[in-house]
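Data from entry.txt: compact mmCIF, C-alpha atoms
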```
# COMPACT_ATOMS: atom_id res chain seq x y z
CA MET I 1 132.95 97.81 123.80
CA ASN I 2 131.76 100.83 125.79
CA PRO I 3 129.44 100.53 128.82
CA GLY I 4 126.58 102.14 126.90
CA CYS I 5 126.63 99.38 124.29
CA LEU I 6 126.77 96.72 126.98
CA LEU I 7 123.76 98.27 128.71
CA VAL I 8 121.75 98.37 125.48
CA MET I 9 122.66 94.73 124.72
CA ALA I 10 121.55 93.70 128.19
CA VAL I 11 118.25 95.51 127.71
CA ILE I 12 117.71 93.68 124.39
CA SER I 13 118.33 90.30 126.04
CA VAL I 14 115.92 91.05 128.89
CA ALA I 15 113.30 92.35 126.44
CA VAL I 16 113.49 89.17 124.34
CA LEU I 17 113.01 87.01 127.43
CA LEU I 18 110.06 89.08 128.64
CA LEU I 19 108.42 89.04 125.22
CA ALA I 20 108.85 85.28 125.03
CA ALA I 21 106.42 84.90 127.89
CA PHE I 22 103.62 86.06 125.63
CA HIS I 23 104.44 83.77 122.69
CA HIS I 24 104.99 80.30 124.14
CA GLY I 25 101.67 78.98 122.80
CA ASP I 26 100.15 75.69 123.96
CA GLY I 27 103.34 74.00 125.19
CA THR I 28 103.78 71.84 122.08
CA LEU I 29 107.40 71.38 121.06
CA ARG I 30 108.02 73.30 117.85
CA PHE I 31 110.47 75.56 116.07
CA ALA I 32 109.99 79.31 115.73
CA SER I 33 108.08 80.48 112.66
CA TYR I 34 111.06 81.14 110.41
CA TYR I 35 112.59 77.70 110.70
CA GLY I 36 111.36 75.00 108.35
CA ASP I 37 112.11 72.20 105.92
CA HIS I 38 114.47 73.23 103.08
CA MET I 39 115.90 76.14 105.08
CA VAL I 40 119.47 77.41 105.08
CA LEU I 41 121.33 77.89 108.36
CA GLN I 42 124.42 80.07 108.68
CA LYS I 43 127.61 78.15 108.01
CA SER I 44 130.96 78.31 109.78
CA PRO I 45 132.83 80.13 111.15
CA GLN I 46 129.60 81.50 112.67
CA ARG I 47 127.38 79.18 114.70
CA ALA I 48 123.73 78.77 113.77
CA VAL I 49 121.07 79.39 116.43
CA LEU I 50 117.92 77.23 116.68
CA TRP I 51 115.02 78.10 118.96
CA GLY I 52 111.35 77.46 119.48
CA TYR I 53 108.58 76.72 121.95
CA GLY I 54 107.79 73.80 124.20
CA PRO I 55 106.69 72.46 127.58
CA GLU I 56 107.75 74.66 130.46
CA GLY I 57 110.78 73.42 132.39
CA GLU I 58 111.75 70.63 130.00
CA GLN I 59 115.17 70.35 128.40
CA VAL I 60 115.49 70.08 124.62
CA THR I 61 118.17 68.11 122.80
CA VAL I 62 118.83 68.88 119.14
CA TYR I 63 120.29 66.20 116.88
CA LEU I 64 121.89 67.26 113.61
CA THR I 65 122.21 64.31 111.23
CA GLY I 66 124.05 64.51 107.92
CA PRO I 67 127.63 64.89 106.69
CA PHE I 68 128.88 66.15 110.10
CA PRO I 69 126.41 65.13 112.84
CA GLN I 70 126.25 66.72 116.27
CA LYS I 71 124.14 66.75 119.41
CA VAL I 72 123.41 69.87 121.49
CA SER I 73 121.18 70.29 124.54
CA SER I 74 119.45 73.40 125.81
CA PRO I 75 118.97 74.53 129.38
CA ALA I 76 115.54 73.86 130.86
CA MET I 77 112.89 75.94 129.11
CA THR I 78 111.99 79.28 130.64
CA GLU I 79 108.64 80.88 129.72
CA GLY I 80 108.14 78.07 127.21
CA ILE I 81 111.16 79.02 125.06
CA TRP I 82 114.08 76.76 124.20
CA ARG I 83 117.26 77.72 122.36
CA VAL I 84 120.48 76.00 121.29
CA THR I 85 123.57 77.19 119.43
CA LEU I 86 125.14 74.60 117.14
CA GLU I 87 128.83 74.06 116.73
CA PRO I 88 130.15 75.58 113.47
CA VAL I 89 129.12 73.61 110.37
CA ASP I 90 130.82 73.90 106.99
CA ALA I 91 128.80 74.81 103.90
CA GLY I 92 126.76 72.00 102.41
CA GLY I 93 124.20 69.39 103.35
CA PRO I 94 121.54 68.18 103.35
CA TYR I 95 120.97 67.71 107.06
CA ASN I 96 118.00 66.69 109.17
CA VAL I 97 117.38 68.46 112.47
CA GLN I 98 115.44 66.77 115.27
CA ALA I 99 114.50 68.51 118.51
CA GLU I 100 113.42 66.27 121.39
CA SER I 101 112.05 67.06 124.85
CA GLU I 102 110.86 64.65 127.51
CA SER I 103 107.35 64.61 126.07
CA SER I 104 107.59 65.33 122.32
CA LYS I 105 109.75 65.90 119.27
CA CYS I 106 109.78 67.91 116.04
CA ASN I 107 111.86 67.77 112.87
CA LEU I 108 113.31 69.78 110.03
CA THR I 109 114.38 68.05 106.80
CA ASP I 110 116.59 69.00 103.85
CA VAL I 111 118.48 71.70 105.77
CA LEU I 112 121.54 73.27 104.14
CA PHE I 113 124.34 75.37 105.60
CA GLY I 114 125.51 78.46 103.74
CA ASP I 115 125.27 82.24 104.02
CA ILE I 116 122.05 83.99 105.09
CA TRP I 117 121.26 87.38 103.53
CA LEU I 118 118.38 89.52 104.78
CA CYS I 119 116.67 91.51 102.00
CA GLY I 120 114.91 94.63 103.31
CA GLY I 121 113.57 97.95 102.14
CA GLN I 122 110.56 99.16 100.21
CA SER I 123 108.79 98.52 96.92
CA ASN I 124 111.85 98.03 94.73
CA MET I 125 112.90 95.17 96.99
CA TYR I 126 109.30 93.94 97.07
CA PHE I 127 109.25 94.05 93.23
CA LYS I 128 108.52 90.48 92.11
CA THR I 129 110.58 88.31 89.80
CA SER I 130 107.52 87.87 87.58
CA GLN I 131 107.55 91.64 86.88
CA ILE I 132 111.10 92.10 85.58
CA PHE I 133 112.45 92.12 82.03
CA ASN I 134 112.88 88.57 80.68
CA ALA I 135 110.88 87.21 83.62
CA SER I 136 109.96 83.95 81.90
CA GLU I 137 113.60 83.17 81.12
CA GLU I 138 114.64 84.04 84.67
CA LEU I 139 111.90 81.91 86.23
CA ALA I 140 112.85 79.00 84.00
CA LEU I 141 116.30 78.98 85.64
CA SER I 142 114.84 78.22 89.07
CA SER I 143 115.45 74.48 88.80
CA LYS I 144 119.16 75.09 88.16
CA TYR I 145 119.62 76.71 91.59
CA PRO I 146 118.20 74.26 94.15
CA HIS I 147 120.69 75.46 96.79
CA VAL I 148 119.50 79.08 96.72
CA ARG I 149 116.56 79.01 99.10
CA PRO I 150 113.94 81.80 99.52
CA PHE I 151 111.86 82.76 102.56
CA MET I 152 109.43 85.70 102.86
CA ALA I 153 107.84 87.36 105.89
CA SER I 154 104.25 88.58 105.60
CA LEU I 155 103.39 92.27 105.72
CA ASN I 156 102.50 93.12 109.30
CA MET I 157 102.86 96.01 111.72
CA SER I 158 103.07 95.99 115.48
CA LYS I 159 103.13 98.65 118.18
CA THR I 160 105.41 96.46 120.30
CA GLU I 161 108.51 94.40 119.55
CA ARG I 162 107.56 90.85 118.56
CA VAL I 163 109.67 87.86 119.49
CA ASP I 164 108.40 85.89 116.47
CA LEU I 165 106.80 86.69 113.12
CA ILE I 166 103.05 87.28 113.09
CA GLN I 167 102.78 85.40 109.81
CA VAL I 168 104.92 83.79 107.08
CA GLU I 169 104.19 84.60 103.43
CA ILE I 170 106.55 82.12 101.73
CA PRO I 171 108.07 79.37 103.90
CA TRP I 172 111.58 78.14 103.14
CA SER I 173 111.42 76.56 99.69
CA VAL I 174 113.46 74.87 97.03
CA PRO I 175 113.06 77.45 94.24
CA THR I 176 110.32 76.81 91.69
CA THR I 177 108.74 79.01 89.05
CA SER I 178 105.61 79.57 91.14
CA VAL I 179 107.57 80.45 94.31
CA LEU I 180 109.98 82.84 92.61
CA ALA I 181 107.18 84.56 90.66
CA GLU I 182 106.04 86.04 94.00
CA PHE I 183 109.50 86.56 95.50
CA SER I 184 111.71 89.66 95.42
CA ALA I 185 113.52 89.89 92.09
CA VAL I 186 116.57 91.72 93.47
CA CYS I 187 116.83 89.37 96.44
CA TRP I 188 116.62 86.28 94.21
CA LEU I 189 119.01 87.59 91.54
CA PHE I 190 121.52 88.67 94.17
CA GLY I 191 121.41 85.21 95.73
CA ARG I 192 121.70 83.48 92.37
CA TYR I 193 124.65 85.60 91.27
CA MET I 194 126.37 85.09 94.64
CA TYR I 195 125.88 81.33 94.31
CA ASP I 196 127.58 81.43 90.90
CA THR I 197 130.61 82.93 92.64
CA LEU I 198 130.61 81.15 96.00
CA LYS I 199 129.37 77.71 94.87
CA TYR I 200 127.69 76.97 98.20
CA PRO I 201 124.13 77.41 99.58
CA ILE I 202 122.59 80.85 99.95
CA GLY I 203 119.56 81.58 102.17
CA LEU I 204 117.45 84.61 101.24
CA VAL I 205 115.11 86.20 103.80
CA GLU I 206 112.75 88.82 102.30
CA SER I 207 111.26 91.31 104.75
CA CYS I 208 110.21 94.54 103.04
CA TRP I 209 107.18 96.76 102.39
CA GLY I 210 106.56 99.38 99.69
CA GLY I 211 106.16 103.09 100.37
CA THR I 212 107.57 102.96 103.89
CA PRO I 213 110.01 105.34 105.60
CA VAL I 214 113.27 104.22 107.16
CA GLU I 215 111.88 105.27 110.55
CA ALA I 216 109.33 102.44 110.44
CA TRP I 217 112.20 99.94 110.15
CA SER I 218 114.22 101.51 112.97
CA SER I 219 114.19 100.82 116.68
CA SER I 220 113.47 103.57 119.19
CA ARG I 221 117.19 103.47 120.10
CA ALA I 222 118.19 104.35 116.54
CA LEU I 223 115.57 107.09 116.30
CA LYS I 224 116.77 108.76 119.50
CA GLN I 225 120.29 108.99 118.07
CA CYS I 226 118.88 111.30 115.39
CA GLY I 227 116.52 113.30 117.59
CA LEU I 228 113.42 111.54 116.22
CA GLN I 229 110.42 110.54 118.28
CA GLN I 230 107.74 107.93 117.77
CA SER I 231 104.67 109.48 116.15
CA GLY I 232 102.32 107.04 117.84
CA ASP I 233 99.43 107.25 115.35
CA GLY I 234 99.69 103.61 114.34
CA SER I 235 99.98 104.22 110.59
CA MET I 236 102.81 103.13 108.33
CA MET I 237 104.35 106.53 108.96
CA ASP I 238 104.55 105.53 112.62
CA ASN I 239 108.13 104.87 113.65
CA THR I 240 109.26 101.36 114.66
CA VAL I 241 106.10 99.47 113.57
CA LEU I 242 107.95 97.38 110.96
CA TRP I 243 111.07 97.00 113.07
CA ASN I 244 108.76 95.55 115.73
CA ALA I 245 106.92 93.08 113.48
CA MET I 246 109.27 92.28 110.59
CA ILE I 247 112.88 92.72 111.80
CA HIS I 248 112.97 92.24 115.58
CA PRO I 249 111.67 88.62 115.29
CA PHE I 250 114.76 87.66 113.27
CA LEU I 251 117.30 88.87 115.83
CA ASN I 252 117.90 85.39 117.26
CA MET I 253 118.86 84.12 113.80
CA THR I 254 122.50 84.09 112.73
CA ILE I 255 122.85 85.96 109.43
CA TYR I 256 125.78 86.86 107.20
CA GLY I 257 124.65 90.22 105.81
CA ALA I 258 121.82 92.40 104.52
CA ILE I 259 120.84 94.27 101.37
CA TRP I 260 118.38 97.18 101.18
CA TYR I 261 116.51 98.76 98.28
CA GLN I 262 114.10 101.67 98.51
CA GLY I 263 111.33 102.58 96.13
CA ASN I 264 108.00 104.25 95.60
CA LYS I 265 104.64 102.59 95.70
CA THR I 266 101.02 103.52 96.06
CA ILE I 267 99.61 101.12 98.62
CA THR I 268 96.30 99.64 97.52
CA ASP I 269 96.09 96.54 99.64
CA SER I 270 98.02 94.94 102.41
CA THR I 271 97.80 93.18 105.71
CA CYS I 272 97.51 94.95 109.04
CA SER I 273 98.18 93.17 112.25
CA GLU I 274 95.59 92.76 114.94
CA ASN I 275 97.42 95.45 116.89
CA LEU I 276 96.21 98.27 114.64
CA ASP I 277 92.62 99.34 114.02
CA THR I 278 90.99 99.76 110.60
CA GLN I 279 91.08 103.57 110.62
CA LYS I 280 94.81 103.62 111.30
CA CYS I 281 95.46 100.99 108.65
CA GLN I 282 93.53 103.07 106.12
CA LYS I 283 96.15 105.81 106.47
CA LEU I 284 98.65 103.29 105.19
CA PHE I 285 96.60 102.41 102.12
CA THR I 286 96.53 105.99 100.88
CA PHE I 287 100.21 106.72 101.44
CA SER I 288 102.46 106.87 98.41
CA GLY I 289 105.81 108.25 97.42
CA GLU I 290 109.43 107.49 98.23
CA ALA I 291 108.78 108.18 101.85
CA ASN I 292 112.00 109.82 102.98
CA ALA I 293 112.15 112.20 100.03
CA GLU I 294 109.51 114.08 102.03
CA TYR I 295 109.38 112.55 105.50
CA HIS I 296 112.31 113.66 107.71
CA LYS I 297 114.46 114.07 104.59
CA ASP I 298 116.98 116.29 106.34
CA LYS I 299 117.49 113.64 109.01
CA TYR I 300 118.22 110.82 106.56
CA ASN I 301 121.98 111.36 106.70
CA CYS I 302 121.64 110.31 110.34
CA SER I 303 118.64 107.95 110.33
CA PHE I 304 119.89 105.60 107.60
CA PRO I 305 123.39 105.02 109.05
CA ALA I 306 121.84 104.81 112.52
CA MET I 307 119.41 102.11 111.38
CA ILE I 308 122.25 100.09 109.85
CA ASN I 309 124.41 100.31 112.97
CA ASP I 310 121.49 99.49 115.23
CA TRP I 311 120.53 96.43 113.18
CA ARG I 312 124.12 95.27 113.44
CA MET I 313 124.25 95.66 117.20
CA ALA I 314 120.83 94.05 117.72
CA PHE I 315 121.50 91.03 115.46
CA HIS I 316 124.90 90.53 117.08
CA GLN I 317 123.38 90.52 120.55
CA GLY I 318 120.25 88.57 119.62
CA SER I 319 122.25 85.74 118.05
CA GLY I 320 124.54 85.45 121.05
CA GLN I 321 127.36 87.28 119.24
CA GLN I 322 127.24 84.89 116.25
CA THR I 323 126.12 87.48 113.69
CA ALA I 324 129.05 89.84 113.12
CA LEU I 325 128.85 93.17 114.93
CA ASP I 326 129.79 94.86 111.65
CA PHE I 327 128.00 92.51 109.25
CA PRO I 328 128.11 93.68 105.60
CA PHE I 329 125.23 95.91 104.50
CA GLY I 330 124.57 96.73 100.85
CA PHE I 331 122.03 99.16 99.45
CA VAL I 332 120.78 100.48 96.13
CA GLN I 333 120.80 104.13 95.11
CA LEU I 334 117.47 105.39 93.77
CA SER I 335 117.19 105.75 89.99
CA THR I 336 116.10 108.99 88.33
CA TYR I 337 112.42 109.85 88.54
CA LYS I 338 111.52 112.86 86.38
CA ASN I 339 113.40 114.73 83.65
CA ASN I 340 113.80 118.47 84.24
CA SER I 341 112.61 118.12 87.82
CA THR I 342 113.38 120.99 90.18
CA ASP I 343 112.54 118.91 93.26
CA ASP I 344 115.69 118.16 95.24
CA GLY I 345 114.12 115.32 97.26
CA PHE I 346 115.65 112.40 95.38
CA PRO I 347 119.11 113.96 94.85
CA ASP I 348 119.24 114.83 98.56
CA ILE I 349 118.28 111.29 99.54
CA ARG I 350 120.97 109.82 97.29
CA TRP I 351 123.55 112.03 98.98
CA HIS I 352 122.21 111.28 102.46
CA GLN I 353 122.29 107.53 101.70
CA THR I 354 126.06 107.84 101.91
CA ALA I 355 126.00 109.96 105.11
CA ASP I 356 126.81 112.98 102.93
CA VAL I 357 130.16 111.55 101.84
CA GLY I 358 129.16 110.58 98.29
CA PHE I 359 130.44 107.01 98.32
CA VAL I 360 130.72 103.97 100.53
CA PRO I 361 132.43 102.44 102.40
CA ASN I 362 133.38 105.54 104.34
CA SER I 363 134.25 106.52 107.91
CA ARG I 364 130.58 106.72 108.98
CA MET I 365 129.37 103.71 106.97
CA LYS I 366 132.00 101.04 107.28
CA ASN I 367 131.61 97.62 105.67
CA THR I 368 128.82 98.90 103.42
CA PHE I 369 128.48 98.79 99.63
CA MET I 370 126.21 100.60 97.19
CA ALA I 371 124.77 99.74 93.79
CA VAL I 372 124.41 102.90 91.72
CA ALA I 373 121.07 102.97 89.85
CA LEU I 374 121.00 106.60 88.68
CA ASP I 375 121.35 105.40 85.08
CA LEU I 376 118.58 102.80 85.23
CA PRO I 377 115.25 104.66 84.97
CA ASP I 378 112.53 102.71 83.17
CA LYS I 379 110.43 105.35 81.43
CA THR I 380 107.97 102.82 79.96
CA SER I 381 107.59 100.75 83.11
CA PRO I 382 103.92 100.08 83.93
CA TYR I 383 105.03 100.26 87.57
CA GLY I 384 106.45 103.79 87.27
CA THR I 385 109.87 105.16 86.28
CA ILE I 386 111.20 104.70 89.80
CA HIS I 387 110.59 100.95 89.50
CA PRO I 388 113.00 99.80 86.76
CA ARG I 389 112.29 96.33 85.42
CA ASP I 390 116.02 95.88 84.83
CA LYS I 391 116.66 94.30 88.21
CA GLN I 392 119.42 92.15 86.71
CA ASP I 393 121.83 95.10 86.52
CA VAL I 394 120.84 96.26 90.00
CA ALA I 395 121.52 92.81 91.47
CA LEU I 396 124.76 92.41 89.55
CA ARG I 397 126.07 95.70 90.93
CA LEU I 398 125.10 94.63 94.45
CA THR I 399 126.92 91.36 93.85
CA LEU I 400 130.11 93.19 92.86
CA GLY I 401 129.94 95.23 96.06
CA ALA I 402 129.34 92.13 98.15
CA ARG I 403 132.23 90.29 96.57
CA ALA I 404 134.58 93.18 97.30
CA VAL I 405 133.33 94.32 100.71
CA ALA I 406 131.62 91.28 102.25
CA TYR I 407 133.91 88.58 100.86
CA GLY I 408 137.18 90.47 100.45
CA GLU I 409 137.80 89.84 96.76
CA THR I 410 140.41 92.16 95.30
CA ASP I 411 140.38 93.87 91.90
CA ILE I 412 136.56 93.93 91.81
CA PRO I 413 135.31 97.23 90.26
CA PHE I 414 132.33 97.82 92.55
CA GLN I 415 132.42 101.63 92.87
CA GLY I 416 131.68 104.26 90.26
CA PRO I 417 134.40 106.36 88.63
CA PHE I 418 135.98 108.99 90.88
CA PRO I 419 137.17 112.32 89.43
CA LYS I 420 140.92 112.62 89.89
CA GLN I 421 141.30 115.96 88.11
CA ILE I 422 138.86 118.82 87.41
CA LEU I 423 140.14 121.45 84.99
CA PRO I 424 138.11 124.59 84.09
CA ILE I 425 138.80 125.85 80.56
CA GLN I 426 136.97 129.01 79.48
CA MET I 427 133.31 127.91 79.17
CA SER I 428 134.00 124.20 79.75
CA ILE I 429 135.13 121.87 82.49
CA ILE I 430 137.34 118.87 81.78
CA ILE I 431 136.91 116.05 84.30
CA THR I 432 139.39 113.19 84.30
CA TYR I 433 138.19 110.00 86.02
CA ASP I 434 140.11 107.13 87.54
CA GLN I 435 138.21 104.66 85.35
CA ALA I 436 137.25 104.63 81.70
CA VAL I 437 133.75 106.05 81.24
CA SER I 438 131.28 106.17 78.39
CA VAL I 439 129.01 109.22 78.23
CA THR I 440 126.08 109.76 75.87
CA SER I 441 125.25 113.39 75.23
CA SER I 442 121.90 114.42 76.70
CA LYS I 443 120.19 117.65 77.69
CA ASN I 444 119.20 115.84 80.90
CA MET I 445 122.72 114.70 81.70
CA PHE I 446 122.82 116.58 84.98
CA GLU I 447 119.83 116.10 87.26
```
Would you write the structure of this file as structure tokens?
Amino acid sequence: MNPGCLLVMAVISVAVLLLAAFHHGDGTLRFASYYGDHMVLQKSPQRAVLWGYGPEGEQVTVYLTGPFPQKVSSPAMTEGIWRVTLEPVDAGGPYNVQAESESSKCNLTDVLFGDIWLCGGQSNMYFKTSQIFNASEELALSSKYPHVRPFMASLNMSKTERVDLIQVEIPWSVPTTSVLAEFSAVCWLFGRYMYDTLKYPIGLVESCWGGTPVEAWSSSRALKQCGLQQSGDGSMMDNTVLWNAMIHPFLNMTIYGAIWYQGNKTITDSTCSENLDTQKCQKLFTFSGEANAEYHKDKYNCSFPAMINDWRMAFHQGSGQQTALDFPFGFVQLSTYKNNSTDDGFPDIRWHQTADVGFVPNSRMKNTFMAVALDLPDKTSPYGTIHPRDKQDVALRLTLGARAVAYGETDIPFQGPFPKQILPIQMSIIITYDQAVSVTSSKNMFE
């Protein structure tokens, strides 16, 4: 690792410790906001990290009771923060977790170990399971997947990096119809399909917000790599405000991978943090559109890969090197928006999503996978064409990419057909692909 990376990692560690000083609360022993009953912790070979708040100077001992019990003690608390890293635990459970200090104790029950996937992005990731095709049938399956556990962060912005979430929307839950109705459809379906393959617990962490640009989810480090500056107006178009409030708090958590899905949404209501005044929040409410089709579009071939790489570095450092430095990152290509459109915004973004290579993984976007959604517009969707209700196909395609890239399965067809021969003949072009394709004739075939 080069000295520059080491310096950045050191800065992150110092920043987390300094921020902790402002979040230690009343000294009561407790876990951080995104730990709770029914949660999933990252399984072996990674080691799960547990942390929280408590009386200054006291040592905390964590007892894991279940199939493979263990006991781990923390150093004495500094600035009211304690933290332990468990020994690797194989997939399964349930476990109980008890944290004890000299003066108090707190508990977590029904904890499973499996793989944690972070689900980020904009409105297509925020799109609820209750809104998709065959929603009632999908929701009815919730009871059949008790080991796929959802969690959702609330919508909040912050001008500074937060050490913990401002608010939790959906705490860790055993899936039920009512919980999943409000949870991300793509996140849930991806987790459910992955469980069908892996047969062990999956933890799903939803942290997304509609109509937002990638810059809002990026750290200042990532922005500088692409020559971007913070706008500083405090609106949703302000860079870093969602990184600060909705991603940075998770850095201490060990995760397995992340998936990302953009979208387009007119914001009509939401939650603003106490850090932003009403006038600035109002700018957010009136913003609509797939943000980066207009906002810094020409920089997206840098800003998107930079965000991915920066998340990887920050999660790796924040978890004490437990989250992989190159953890798998999957994303969804935007579907078509308008027939006969002459606007190049969406086509350009699709190309830039791959760092201008056209496919992933590639040399600039290693260990990534993409779900193509160009063929999935939903022209009758009450939520707009850009919000297809067919999230099952989107999630299935993400699952294929994850199985191939994140889990190393071979012979998984997760990429689209590649042309292996292009032959011009008079007024026609014959393209031969490396896979069998089915094409329906259409005057709108080429966007």
Leaving out I:Gly358 and any residue of its chain fewer than 3 positions from it, which residues lie within 12 Å of it when counting only C-alpha atoms, given as a PDB file with C-alpha atoms, in the frame of the given file?
```pdb
ATOM      1  CA  ASN I 301     121.980 111.360 106.700  1.00  0.00           C
ATOM      2  CA  GLN I 333     120.800 104.130  95.110  1.00  0.00           C
ATOM      3  CA  PRO I 347     119.110 113.960  94.850  1.00  0.00           C
ATOM      4  CA  ASP I 348     119.240 114.830  98.560  1.00  0.00           C
ATOM      5  CA  ILE I 349     118.280 111.290  99.540  1.00  0.00           C
ATOM      6  CA  ARG I 350     120.970 109.820  97.290  1.00  0.00           C
ATOM      7  CA  TRP I 351     123.550 112.030  98.980  1.00  0.00           C
ATOM      8  CA  HIS I 352     122.210 111.280 102.460  1.00  0.00           C
ATOM      9  CA  GLN I 353     122.290 107.530 101.700  1.00  0.00           C
ATOM     10  CA  THR I 354     126.060 107.840 101.910  1.00  0.00           C
ATOM     11  CA  ALA I 355     126.000 109.960 105.110  1.00  0.00           C
ATOM     12  CA  PRO I 361     132.430 102.440 102.400  1.00  0.00           C
ATOM     13  CA  ASN I 362     133.380 105.540 104.340  1.00  0.00           C
ATOM     14  CA  SER I 363     134.250 106.520 107.910  1.00  0.00           C
ATOM     15  CA  ARG I 364     130.580 106.720 108.980  1.00  0.00           C
ATOM     16  CA  MET I 365     129.370 103.710 106.970  1.00  0.00           C
ATOM     17  CA  PHE I 369     128.480  98.790  99.630  1.00  0.00           C
ATOM     18  CA  MET I 370     126.210 100.600  97.190  1.00  0.00           C
ATOM     19  CA  VAL I 372     124.410 102.900  91.720  1.00  0.00           C
ATOM     20  CA  GLN I 415     132.420 101.630  92.870  1.00  0.00           C
ATOM     21  CA  GLY I 416     131.680 104.260  90.260  1.00  0.00           C
ATOM     22  CA  PRO I 417     134.400 106.360  88.630  1.00  0.00           C
ATOM     23  CA  PHE I 418     135.980 108.990  90.880  1.00  0.00           C
TER      24      PHE I 418
END
```
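Residue nearest I:Cys302 within the list I:Ala373, I:Leu223, I:Asn244, I:Thr197: I:Leu223 [criterion: smallest interatomic distance, only C-alpha atoms].
Across the model, the gap from atom CA of I:Phe250 to atom CA of I:Asp390 is 29.6 Å.
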One number please: atom CA of I:Leu242 to atom CA of I:Thr78, in Å, one decimal.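 Interatomic distance, atom CA of I:Leu242 to atom CA of I:Thr78: 27.0 Å.
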Contacts of I:Cys208 within 10 Å, all atoms listed in the file, excl. fewer than 6 positions in-chain, as a list of chain:residue names: I:Leu118, I:Cys119, I:Gly120, I:Gly121, I:Gln122, I:Ser123, I:Asn124, I:Met125, I:Tyr126, I:Phe127, I:Met152, I:Ala153, I:Ser154, I:Leu155, I:Ser184, I:Trp217, I:Leu242, I:Met246, I:Ile247, I:Trp260, I:Tyr261, I:Gln262
Restricting it to C-alpha atoms, dump the selection as a PDB file, in the frame of the given file.
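Done, and the output landed in selection.pdb:
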```
ATOM      1  CA  LEU I 118     118.380  89.520 104.780  1.00  0.00           C
ATOM      2  CA  CYS I 119     116.670  91.510 102.000  1.00  0.00           C
ATOM      3  CA  GLY I 120     114.910  94.630 103.310  1.00  0.00           C
ATOM      4  CA  GLY I 121     113.570  97.950 102.140  1.00  0.00           C
ATOM      5  CA  GLN I 122     110.560  99.160 100.210  1.00  0.00           C
ATOM      6  CA  SER I 123     108.790  98.520  96.920  1.00  0.00           C
ATOM      7  CA  ASN I 124     111.850  98.030  94.730  1.00  0.00           C
ATOM      8  CA  MET I 125     112.900  95.170  96.990  1.00  0.00           C
ATOM      9  CA  TYR I 126     109.300  93.940  97.070  1.00  0.00           C
ATOM     10  CA  PHE I 127     109.250  94.050  93.230  1.00  0.00           C
ATOM     11  CA  MET I 152     109.430  85.700 102.860  1.00  0.00           C
ATOM     12  CA  ALA I 153     107.840  87.360 105.890  1.00  0.00           C
ATOM     13  CA  SER I 154     104.250  88.580 105.600  1.00  0.00           C
ATOM     14  CA  LEU I 155     103.390  92.270 105.720  1.00  0.00           C
ATOM     15  CA  SER I 184     111.710  89.660  95.420  1.00  0.00           C
ATOM     16  CA  TRP I 217     112.200  99.940 110.150  1.00  0.00           C
ATOM     17  CA  LEU I 242     107.950  97.380 110.960  1.00  0.00           C
ATOM     18  CA  MET I 246     109.270  92.280 110.590  1.00  0.00           C
ATOM     19  CA  ILE I 247     112.880  92.720 111.800  1.00  0.00           C
ATOM     20  CA  TRP I 260     118.380  97.180 101.180  1.00  0.00           C
ATOM     21  CA  TYR I 261     116.510  98.760  98.280  1.00  0.00           C
ATOM     22  CA  GLN I 262     114.100 101.670  98.510  1.00  0.00           C
TER      23      GLN I 262
END
```
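Going from atom CA of I:Trp82 over to atom CA of I:Glu58, you cover 8.8 Å.
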Find the residues near I:Asn96: any atom within 10 Å, counting only C-alpha atoms, skip ones fewer than 6 places away on the same chain, and give them as a VMD selection string. chain I and resid 37 to 38 63 to 66 69 107 to 112
Excluding same-chain residues fewer than 4 positions from stretch 88-92 of chain I, what lies within 9 Å of it counting only C-alpha atoms, as a PyMOL selection string? chain I and resi 42-48+67-68+111-115+147+200-201
Shortest interatomic distance to I:Arg221 - which of I:Leu251, I:Ala181, I:Ala314, I:Leu423, counting all atoms listed in the file: I:Ala314
May I have the protein, DNA and RNA residues with an atom at most 8 Å from (130.4, 95.8, 96.5), counting all atoms listed in the file in the file's coordinates, returned as a list in words?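 In the file's frame, the residues around the point are Gly330, Thr368, Phe369, Met370, Ala371, Arg397, Leu398, Thr399, Leu400, Gly401, Ala402, Arg403, Ala404, Val405, Ala406, Ile412, Phe414 and Gln415 of chain I.
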From the set I:Phe331, I:Gly54, I:Ser220, I:Arg389, which residue has the shortest atom-to-atom contact distance to I:Phe359, counting only C-alpha atoms? I:Phe331
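Nearest-residue note for I:Asn367: choosing from I:Arg312, I:Gln317, I:Lys299, I:Pro382, the minimum distance belongs to I:Arg312, counting only C-alpha atoms.
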Check the smallest atom-to-atom distance from each of I:Lys105, I:His387, I:Arg83, I:Lys420 to I:Gln435 using only C-alpha atoms, then report the winner. I:Lys420
